[in-house]
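Undergrad: So here's upload33.csv, just CSV, C-alpha atoms and all ligand atoms:
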```
chain,number,residue,atom,x,y,z
A,172,MET,CA,78.8,114.0,120.0
A,173,ILE,CA,79.7,111.8,122.9
A,174,ASP,CA,77.5,108.9,121.6
A,175,VAL,CA,79.2,109.3,118.3
A,176,VAL,CA,82.7,109.0,119.8
A,177,SER,CA,81.7,106.1,122.0
A,178,ALA,CA,80.2,104.4,119.0
A,179,SER,CA,83.6,104.0,117.4
A,180,ILE,CA,85.2,100.5,117.5
A,181,VAL,CA,88.2,101.7,119.4
A,182,ASN,CA,87.9,103.9,122.5
A,183,LEU,CA,89.4,107.2,121.3
A,184,THR,CA,88.9,109.3,124.4
A,185,HIS,CA,92.5,108.9,125.7
A,186,PRO,CA,95.9,110.0,124.4
A,187,GLY,CA,97.4,107.9,121.6
A,188,HIS,CA,100.0,105.2,122.2
A,189,TYR,CA,103.5,105.8,121.0
A,190,LEU,CA,106.5,103.6,120.3
A,191,HIS,CA,109.9,105.0,121.3
A,192,TRP,CA,113.2,103.7,119.8
A,193,GLY,CA,116.1,106.0,120.5
A,194,PHE,CA,115.3,109.3,118.9
A,195,ILE,CA,112.6,107.7,116.8
A,196,GLN,CA,109.0,108.2,118.0
A,197,LEU,CA,106.2,106.6,116.1
A,198,SER,CA,102.5,106.4,117.0
A,199,LEU,CA,101.2,102.9,117.3
A,200,ALA,CA,98.5,103.7,114.7
A,201,ASN,CA,101.1,104.7,112.1
A,202,SER,CA,103.3,101.6,112.9
A,203,ILE,CA,100.3,99.4,112.3
A,204,VAL,CA,99.6,101.0,109.0
A,205,ILE,CA,103.3,100.7,107.9
A,206,LEU,CA,103.3,97.0,108.9
A,207,ALA,CA,100.1,96.5,107.0
A,208,MET,CA,101.6,98.1,103.9
A,209,LEU,CA,104.6,95.9,104.1
A,210,ALA,CA,102.4,92.8,104.4
A,211,VAL,CA,100.2,93.8,101.5
A,212,PHE,CA,103.4,94.6,99.4
A,213,VAL,CA,104.8,91.1,100.1
A,214,LEU,CA,101.4,89.4,99.4
A,215,ALA,CA,101.2,91.3,96.1
A,216,LEU,CA,104.5,89.8,95.1
A,217,VAL,CA,103.9,86.2,96.1
A,218,LEU,CA,100.2,85.6,95.6
A,219,PRO,CA,99.4,84.1,92.1
A,220,PHE,CA,97.5,86.4,89.8
A,221,ARG,CA,94.8,84.7,87.8
A,222,SER,CA,94.1,86.4,84.5
A,223,GLY,CA,90.5,86.0,83.4
A,224,ARG,CA,91.2,85.1,79.8
A,225,ARG,CA,94.1,83.0,78.6
A,226,SER,CA,96.4,84.8,76.3
A,227,ARG,CA,96.2,83.7,72.7
A,228,ARG,CA,99.9,84.3,72.2
B,202,MET,CA,93.7,133.1,58.5
B,203,THR,CA,93.2,132.0,55.0
B,204,ASP,CA,91.1,128.9,55.6
B,205,THR,CA,88.6,127.9,53.0
B,206,VAL,CA,85.7,125.5,52.8
B,207,HIS,CA,86.6,122.4,50.8
B,208,SER,CA,84.4,120.3,48.6
B,209,ASP,CA,83.9,116.6,49.4
B,210,SER,CA,86.6,115.6,47.0
B,211,ALA,CA,89.3,117.5,48.9
B,212,PRO,CA,91.6,115.2,50.8
B,213,PRO,CA,91.2,115.2,54.6
B,214,ASN,CA,93.3,118.0,55.9
B,215,GLY,CA,95.8,117.4,58.6
B,216,ALA,CA,95.5,113.7,57.9
B,217,LEU,CA,98.3,111.3,58.8
B,218,PRO,CA,101.2,110.8,56.5
B,219,GLY,CA,100.4,108.2,53.9
B,220,THR,CA,96.8,109.3,53.5
B,221,GLY,CA,97.5,111.8,50.7
B,222,ASP,CA,98.1,114.5,53.2
B,223,GLU,CA,101.4,115.6,51.7
B,224,ASN,CA,100.1,117.2,48.5
B,225,VAL,CA,97.1,119.2,49.7
B,226,THR,CA,95.9,122.7,50.2
B,227,GLY,CA,97.9,124.3,53.0
B,228,ASP,CA,95.5,123.4,55.8
B,229,GLU,CA,98.0,120.8,56.9
B,230,LYS,CA,100.1,123.7,58.1
B,231,MET,CA,97.4,125.0,60.4
B,232,TRP,CA,98.0,124.6,64.2
B,233,THR,CA,94.9,122.4,64.5
B,234,ALA,CA,96.3,119.9,61.9
B,235,ARG,CA,99.7,120.0,63.4
B,236,VAL,CA,98.4,119.4,66.9
B,237,ARG,CA,96.2,116.6,65.6
B,238,ARG,CA,99.1,114.9,63.8
B,239,ALA,CA,101.4,115.2,66.8
B,240,ALA,CA,98.8,113.7,69.1
B,241,MET,CA,98.2,110.8,66.7
B,242,ARG,CA,101.9,110.2,66.4
B,243,THR,CA,102.6,110.2,70.2
B,244,LEU,CA,99.4,108.4,71.3
B,245,PRO,CA,97.5,106.5,68.6
B,246,PRO,CA,94.2,105.2,69.9
B,247,ASP,CA,95.4,101.6,70.2
B,248,LYS,CA,98.2,102.8,72.4
B,249,LEU,CA,95.9,105.0,74.4
B,250,LEU,CA,93.5,102.2,75.2
B,251,PRO,CA,95.2,98.9,74.5
B,252,ASP,CA,93.4,95.6,74.7
B,253,ARG,CA,96.2,93.5,76.1
B,254,GLN,CA,99.3,94.0,78.2
B,255,PRO,CA,102.5,91.9,78.1
B,256,SER,CA,102.4,88.7,80.1
B,257,TYR,CA,104.7,90.0,82.9
B,258,VAL,CA,102.0,92.5,83.8
B,259,ALA,CA,99.9,89.6,85.3
B,260,SER,CA,100.9,90.3,88.9
B,261,TRP,CA,99.1,91.9,91.8
B,262,ILE,CA,101.9,94.5,92.1
B,263,TYR,CA,100.6,96.2,88.8
B,264,VAL,CA,97.2,96.6,90.3
B,265,PHE,CA,98.2,99.3,92.8
B,266,GLY,CA,98.3,102.2,90.4
B,267,VAL,CA,94.7,101.6,89.4
B,268,LEU,CA,93.7,101.0,93.0
B,269,THR,CA,95.1,104.4,93.8
B,270,ILE,CA,92.9,105.9,91.0
B,271,ALA,CA,89.9,104.1,92.4
B,272,ALA,CA,90.5,105.6,95.9
B,273,LEU,CA,91.0,109.0,94.3
B,274,VAL,CA,87.6,108.7,92.6
B,275,VAL,CA,85.9,107.9,96.0
B,276,ILE,CA,87.8,110.8,97.6
B,277,ILE,CA,86.5,113.3,95.0
B,278,ALA,CA,83.0,112.0,95.0
B,279,SER,CA,82.7,112.1,98.8
B,280,GLY,CA,84.4,115.5,98.9
B,281,VAL,CA,81.8,116.8,96.5
B,282,VAL,CA,79.1,115.6,98.9
B,283,LEU,CA,80.8,117.3,101.8
B,284,THR,CA,81.2,120.5,99.9
B,285,TRP,CA,77.5,120.4,99.0
B,286,LYS,CA,76.2,120.7,102.6
B,287,GLY,CA,79.1,122.1,104.6
B,288,PRO,CA,80.7,121.6,108.0
B,289,SER,CA,77.6,122.2,110.1
B,290,TRP,CA,76.1,119.2,108.4
B,291,TRP,CA,79.1,116.8,108.3
B,292,HIS,CA,79.9,117.3,112.0
B,293,VAL,CA,76.4,116.7,113.4
B,294,SER,CA,74.1,114.6,111.2
B,295,LYS,CA,74.5,110.8,110.9
B,296,VAL,CA,74.6,110.9,107.1
B,297,GLY,CA,77.1,113.8,107.2
B,298,LEU,CA,79.4,111.9,109.6
B,299,PHE,CA,79.1,108.9,107.3
B,300,PHE,CA,80.3,110.9,104.3
B,301,ASN,CA,83.0,112.5,106.3
B,302,SER,CA,84.3,109.1,107.3
B,303,ILE,CA,84.1,107.8,103.7
B,304,HIS,CA,86.2,110.8,102.7
B,305,LEU,CA,88.8,110.2,105.5
B,306,TRP,CA,89.1,106.5,104.9
B,307,SER,CA,89.4,106.7,101.2
B,308,VAL,CA,92.3,109.1,101.7
B,309,GLU,CA,93.9,106.5,104.0
B,310,LEU,CA,93.5,103.9,101.3
B,311,PHE,CA,94.7,106.3,98.6
B,312,PHE,CA,98.0,106.8,100.4
B,313,PHE,CA,98.2,103.1,101.4
B,314,PHE,CA,97.9,102.0,97.7
B,315,MET,CA,100.1,104.8,96.4
B,316,VAL,CA,103.0,103.9,98.8
B,317,ILE,CA,102.8,100.2,97.8
B,318,HIS,CA,102.7,101.4,94.1
B,319,LEU,CA,105.7,103.5,94.7
B,320,TRP,CA,107.6,100.6,96.4
B,321,GLY,CA,106.8,98.4,93.5
B,322,LYS,CA,108.0,100.9,90.9
B,323,PHE,CA,111.1,101.6,92.9
B,324,PHE,CA,112.2,98.0,93.2
B,325,MET,CA,111.6,97.4,89.5
B,326,ALA,CA,113.4,100.7,88.6
B,327,ALA,CA,110.4,101.6,86.5
B,328,TRP,CA,112.1,104.8,85.4
B,329,ARG,CA,114.2,102.8,82.9
B,330,GLY,CA,113.8,103.1,79.2
B,331,ARG,CA,112.9,106.8,79.0
B,332,ARG,CA,110.3,106.6,81.7
B,333,ARG,CA,111.9,109.3,83.9
B,334,ALA,CA,108.9,111.6,83.4
B,335,THR,CA,106.5,108.9,84.6
B,336,TRP,CA,108.5,108.6,87.8
B,337,VAL,CA,108.7,112.4,88.2
B,338,THR,CA,105.0,113.0,87.7
B,339,GLY,CA,104.4,110.3,90.3
B,340,VAL,CA,106.6,112.2,92.7
B,341,VAL,CA,104.6,115.3,92.0
B,342,CYS,CA,101.3,113.4,92.7
B,343,PHE,CA,102.8,112.2,96.0
B,344,VAL,CA,104.0,115.6,97.2
B,345,VAL,CA,100.9,117.5,96.2
B,346,SER,CA,98.6,114.8,97.7
B,347,ILE,CA,100.4,115.4,101.0
B,348,GLY,CA,99.6,119.1,100.7
B,349,ALA,CA,96.0,118.2,99.8
B,350,ALA,CA,95.6,115.9,102.9
B,351,PHE,CA,97.3,118.5,105.1
B,352,THR,CA,94.9,121.3,104.0
B,353,GLY,CA,92.1,118.8,104.5
B,354,TYR,CA,93.0,118.3,108.1
B,355,ILE,CA,93.0,122.1,108.6
B,356,SER,CA,89.6,122.4,106.9
B,357,GLN,CA,87.9,120.1,109.4
B,358,GLN,CA,86.4,123.0,111.4
B,359,ASN,CA,87.0,121.5,114.8
B,360,PHE,CA,89.6,121.7,117.7
B,361,ASP,CA,91.7,119.2,115.9
B,362,SER,CA,92.1,121.4,112.9
B,363,GLN,CA,92.9,124.4,115.0
B,364,TRP,CA,95.6,122.5,116.9
B,365,ILE,CA,97.1,121.3,113.6
B,366,ALA,CA,97.1,124.8,112.1
B,367,THR,CA,98.7,126.5,115.1
B,368,GLN,CA,101.3,123.8,115.3
B,369,ALA,CA,102.1,123.9,111.6
B,370,LYS,CA,102.3,127.7,111.3
B,371,ASP,CA,105.6,127.8,113.1
B,372,GLY,CA,107.2,125.2,110.9
B,373,LEU,CA,105.9,126.8,107.7
B,374,ASN,CA,107.0,130.3,108.9
B,375,SER,CA,110.5,129.0,109.7
B,376,VAL,CA,110.9,127.8,106.1
B,377,GLY,CA,109.6,131.2,104.8
B,378,ILE,CA,106.4,130.2,103.1
B,379,GLY,CA,104.0,131.4,105.8
B,380,ALA,CA,103.7,134.7,104.0
B,381,PHE,CA,101.8,133.3,101.1
B,382,PHE,CA,100.6,130.0,102.5
B,383,ASN,CA,99.0,131.0,105.8
B,384,VAL,CA,97.6,128.0,107.7
B,385,LEU,CA,95.7,130.3,110.0
B,386,ASN,CA,93.8,131.7,107.1
B,387,PHE,CA,90.9,129.3,107.0
B,388,GLY,CA,89.4,130.6,103.7
B,389,GLN,CA,92.7,130.2,101.9
B,390,MET,CA,93.3,126.7,103.3
B,391,LEU,CA,89.7,125.5,102.4
B,392,LEU,CA,90.1,126.9,98.8
B,393,TRP,CA,93.5,125.2,98.3
B,394,HIS,CA,91.9,122.0,99.7
B,395,VAL,CA,88.8,121.9,97.5
B,396,LEU,CA,90.1,123.5,94.4
B,397,LEU,CA,93.8,124.2,93.7
B,398,LEU,CA,95.4,121.0,95.1
B,399,PRO,CA,92.8,118.6,93.8
B,400,ALA,CA,93.1,120.2,90.4
B,401,VAL,CA,96.9,119.7,90.4
B,402,VAL,CA,96.6,116.1,91.6
B,403,ILE,CA,94.0,115.3,88.9
B,404,ALA,CA,96.1,117.0,86.2
B,405,PHE,CA,99.3,115.1,87.2
B,406,VAL,CA,97.5,111.8,87.5
B,407,GLY,CA,96.2,112.3,84.0
B,408,LEU,CA,99.7,113.1,82.7
B,409,HIS,CA,101.1,110.2,84.6
B,410,ILE,CA,98.7,107.7,83.0
B,411,LEU,CA,99.3,109.2,79.5
B,412,LEU,CA,103.0,108.8,80.0
B,413,VAL,CA,102.5,105.1,81.0
B,414,ARG,CA,100.5,104.6,77.9
B,415,ARG,CA,103.0,106.3,75.7
B,416,ARG,CA,106.0,104.3,76.8
B,417,GLY,CA,104.2,101.0,77.7
B,418,VAL,CA,104.8,99.1,80.9
B,419,VAL,CA,108.4,98.8,81.8
B,420,HIS,CA,110.1,95.5,81.0
B,421,PRO,CA,111.3,93.3,83.9
B,422,PHE,CA,115.0,93.1,84.5
B,423,PRO,CA,116.7,90.7,82.2
B,424,ALA,CA,117.1,87.2,83.8
B,425,ARG,CA,120.5,86.7,85.3
B,426,ALA,CA,122.7,84.2,83.6
B,427,ARG,CA,122.5,80.8,85.2
B,428,PRO,CA,124.2,77.5,84.6
B,429,ALA,CA,122.9,76.3,81.3
B,430,ARG,CA,121.1,73.2,82.7
B,431,HIS,CA,118.9,75.4,84.9
B,432,ARG,CA,117.7,77.6,82.1
B,433,ILE,CA,114.2,77.0,80.9
B,434,THR,CA,114.4,77.8,77.2
B,435,GLY,CA,112.9,74.7,75.7
B,436,ALA,CA,115.0,71.8,74.4
B,437,ALA,CA,118.1,73.7,73.3
B,438,THR,CA,120.3,75.7,75.5
B,439,VAL,CA,120.7,79.2,74.0
B,440,PRO,CA,122.4,82.3,75.1
B,441,ASP,CA,120.1,85.1,76.4
B,442,GLU,CA,120.7,87.2,73.3
B,443,ALA,CA,119.1,84.5,71.2
B,444,LEU,CA,115.9,84.2,73.2
B,445,PRO,CA,112.9,84.5,70.8
B,446,SER,CA,110.9,87.1,72.7
B,447,SER,CA,111.0,90.4,71.1
B,448,GLU,CA,110.3,91.9,74.5
B,449,ILE,CA,113.5,90.6,75.9
B,450,GLU,CA,115.3,91.9,72.8
B,451,THR,CA,114.0,95.3,73.5
B,452,VAL,CA,115.3,95.1,77.0
B,453,LEU,CA,118.7,94.2,75.8
B,454,HIS,CA,118.9,97.0,73.3
B,455,LYS,CA,117.3,99.8,75.3
B,456,ASP,CA,118.5,99.3,78.8
B,457,PRO,CA,121.8,100.7,79.9
B,458,GLU,CA,122.7,98.1,82.5
B,459,PRO,CA,124.8,95.1,81.5
B,460,VAL,CA,122.9,91.9,81.0
B,461,ARG,CA,125.4,89.7,82.7
C,501,LIG,C1,98.1,109.8,92.7
C,501,LIG,C2,99.0,108.9,92.8
C,501,LIG,C3,99.3,107.9,91.6
C,501,LIG,C4,98.4,107.3,90.8
C,501,LIG,C5,96.9,107.4,90.7
C,501,LIG,C6,99.2,106.4,89.9
C,501,LIG,C7,98.7,105.6,88.9
C,501,LIG,C8,99.5,104.8,88.1
C,501,LIG,C9,99.0,103.8,87.2
C,501,LIG,C10,97.5,103.5,87.0
C,501,LIG,C11,100.0,103.2,86.5
C,501,LIG,C12,100.0,102.1,85.5
C,501,LIG,C13,99.7,100.8,86.2
C,501,LIG,C14,100.7,100.3,87.2
C,501,LIG,O1,101.8,100.0,86.9
C,501,LIG,O2,100.3,100.4,88.4
C,501,LIG,C15,101.2,103.9,87.0
C,501,LIG,C16,102.5,103.6,86.6
C,501,LIG,C17,103.7,104.1,87.2
C,501,LIG,N1,103.7,104.9,88.3
C,501,LIG,FE1,102.2,105.7,89.3
C,501,LIG,N2,100.6,106.5,90.3
C,501,LIG,C18,100.6,107.4,91.3
C,501,LIG,C19,101.8,107.8,92.0
C,501,LIG,C20,103.1,107.4,91.7
C,501,LIG,C21,104.2,107.6,92.5
C,501,LIG,C22,104.2,108.3,93.9
C,501,LIG,C23,105.3,107.1,91.8
C,501,LIG,C24,106.8,107.1,92.2
C,501,LIG,C25,107.4,108.1,92.7
C,501,LIG,C26,104.8,106.5,90.6
C,501,LIG,C27,105.6,105.9,89.6
C,501,LIG,C28,105.1,105.2,88.6
C,501,LIG,C29,105.9,104.7,87.5
C,501,LIG,C30,107.4,104.8,87.3
C,501,LIG,C31,105.0,104.0,86.6
C,501,LIG,C32,105.4,103.4,85.3
C,501,LIG,C33,105.5,101.9,85.4
C,501,LIG,C34,105.9,101.3,84.1
C,501,LIG,O3,106.1,102.0,83.1
C,501,LIG,O4,105.8,100.1,84.1
C,501,LIG,N3,103.4,106.7,90.6
C,501,LIG,N4,100.9,104.8,88.0
```
Would you mind writing the file out in structure tokens?

TA:
Amino acid sequence: MIDVVSASIVNLTHPGHYLHWGFIQLSLANSIVILAMLAVFVLALVLPFRSGRRSRR
Amino acid sequence: MTDTVHSDSAPPNGALPGTGDENVTGDEKMWTARVRRAAMRTLPPDKLLPDRQPSYVASWIYVFGVLTIAALVVIIASGVVLTWKGPSWWHVSKVGLFFNSIHLWSVELFFFFMVIHLWGKFFMAAWRGRRRATWVTGVVCFVVSIGAAFTGYISQQNFDSQWIATQAKDGLNSVGIGAFFNVLNFGQMLLWHVLLLPAVVIAFVGLHILLVRRRGVVHPFPARARPARHRITGAATVPDEALPSSEIETVLHKDPEPVR
């Protein structure tokens, strides 16, 4: 089991990191996921979408 | 039941209007014929599986619904593998750990894609034009998926799952549902996770998709009125109402919000 844990990319054998902001408490992992979602959302809106076939209309 | 066998010359019973259905034998009143007609009316095959979508659908934001479905397929497939061999396998063997990880990470992607999908639909107000039920079935998918993920964490069979269950029991008891949804009852949680909740998610995803097909993809908001010289409508400057696109006309007629 130990070798499995130590084989993970990030060392998980310590308590998680948390962000505190007033009464708001957010784990660093969740914050990263939320930021990644925001980034992907913005990219989905701005990146050009190439459609494979040109419309005949 | 007074159904009879018909000869080849008999008109097809329960056929669509306009196919000679109106003046036949009485079979068209049978529930099979009525259900068939209603299904054909609400979702004819070319609506159920269309070849093309309107040009405004050519944007990455429209891909996140189907990405969510793709993640769900991986979740279900890897979940079936885990069910096949059980916790004593997924906690210790290399292959078991691999499938356990696939299951977890596809769930992470599922929620990731679903939330971006939700944001997209929220900001384009995709419940417009009688699409309320599409939005509501989406909400049900979201809420039930949270329950499915939660019972999954409880079904891990390790210290983590015990910790989560004992923490959650107080919260659920305090809102009064602990009596019939007991997070300390492992058998119940496992069965909800592998049967009841996935069945509900799959059913509502199916309904969600059928509703999207039925109504078609929601139209973008009408373009805001701008000074005439900025408007790209070809050579002539025309008011929005005169734009040639039938799609924009539909927006103008159907949508409650004012155009200008
Ligand atoms: C299991 C989760 C879900 C799956 C698999 C799913 C799948 C889809 C797919 C494939 C589409 C059509 C393509 C597209 O526009 O992306 C769609 C449309 C839509 N979804 Fe979802 N969805 C899910 C959750 C949600 C949630 C949480 C909401 C909002 C609360 C939502 C609201 C909508 C709406 C309003 C449409 C219609 C858009 C239109 O008519 O243009 N969905 N969904």

Undergrad: Give me, please, the distance in Å between atom CA of Ala400 of chain B and atom CA of Thr284 of chain B, quoted to one decimal.

TA: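 Distance between the two atoms: 15.2 Å.
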
Undergrad: Suppose you want the space between atom C29 of ligand LIG 501 (chain C) and atom CA of Leu250 of chain B; what is it in Å?

TA: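 Going from atom C29 of ligand LIG 501 (chain C) over to atom CA of Leu250 of chain B covers 17.6 Å.
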
Undergrad: Considering all atoms listed in the file, extract the chain A residues located within 10 Å of chain B and return them as a PDB file with C-alpha atoms, in the coordinates of the input.

TA:
```pdb
ATOM      1  CA  MET A 172      78.800 114.000 120.000  1.00  0.00           C
ATOM      2  CA  VAL A 175      79.200 109.300 118.300  1.00  0.00           C
ATOM      3  CA  VAL A 204      99.600 101.000 109.000  1.00  0.00           C
ATOM      4  CA  ILE A 205     103.300 100.700 107.900  1.00  0.00           C
ATOM      5  CA  ALA A 207     100.100  96.500 107.000  1.00  0.00           C
ATOM      6  CA  MET A 208     101.600  98.100 103.900  1.00  0.00           C
ATOM      7  CA  LEU A 209     104.600  95.900 104.100  1.00  0.00           C
ATOM      8  CA  ALA A 210     102.400  92.800 104.400  1.00  0.00           C
ATOM      9  CA  VAL A 211     100.200  93.800 101.500  1.00  0.00           C
ATOM     10  CA  PHE A 212     103.400  94.600  99.400  1.00  0.00           C
ATOM     11  CA  VAL A 213     104.800  91.100 100.100  1.00  0.00           C
ATOM     12  CA  LEU A 214     101.400  89.400  99.400  1.00  0.00           C
ATOM     13  CA  ALA A 215     101.200  91.300  96.100  1.00  0.00           C
ATOM     14  CA  LEU A 216     104.500  89.800  95.100  1.00  0.00           C
ATOM     15  CA  VAL A 217     103.900  86.200  96.100  1.00  0.00           C
ATOM     16  CA  LEU A 218     100.200  85.600  95.600  1.00  0.00           C
ATOM     17  CA  PRO A 219      99.400  84.100  92.100  1.00  0.00           C
ATOM     18  CA  PHE A 220      97.500  86.400  89.800  1.00  0.00           C
ATOM     19  CA  ARG A 221      94.800  84.700  87.800  1.00  0.00           C
ATOM     20  CA  SER A 222      94.100  86.400  84.500  1.00  0.00           C
ATOM     21  CA  SER A 226      96.400  84.800  76.300  1.00  0.00           C
ATOM     22  CA  ARG A 228      99.900  84.300  72.200  1.00  0.00           C
TER      23      ARG A 228
END
```

Undergrad: Within 6 Å of ligand LIG 501 (chain C) (counting only C-alpha atoms and all ligand atoms), which residues show up? I'd like them as a PyMOL selection string.

TA: chain B and resi 263-267+269-270+315+319+322+327-328+335-336+339-340+342-343+406+410+413+417-419

Undergrad: Measure the distance from atom CA of Gly348 of chain B to atom CA of His394 of chain B in Å and round it to one decimal.

TA: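 That distance, rounded to one decimal, is 8.3 Å.
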
Undergrad: Need the shell around segment 177-192 of chain A: protein/DNA/RNA residues with any atom at most 12 Å away, counting only C-alpha atoms. Skip same-chain ones fewer than 6 positions apart. Format as JSON, numbers by chain?

TA: {"A": [198, 199, 200, 201, 202, 203], "B": [295, 298, 302]}

Undergrad: Given the choices B:Gly330, B:Gly353, B:Pro423, B:Pro245, which gets closest to Leu398 of chain B if the distance is worked out from only C-alpha atoms?

TA: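 Checking each candidate against Leu398 of chain B, we get B:Gly353 as the closest.
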
Undergrad: Taking (89.2, 111.9, 105.3) in the file's own coordinates, collect the residues within 10 Å, counting all atoms listed in the file, and hand them back as a PyMOL selection string.

TA: chain B and resi 276+279-280+300-310+350+353-354+357
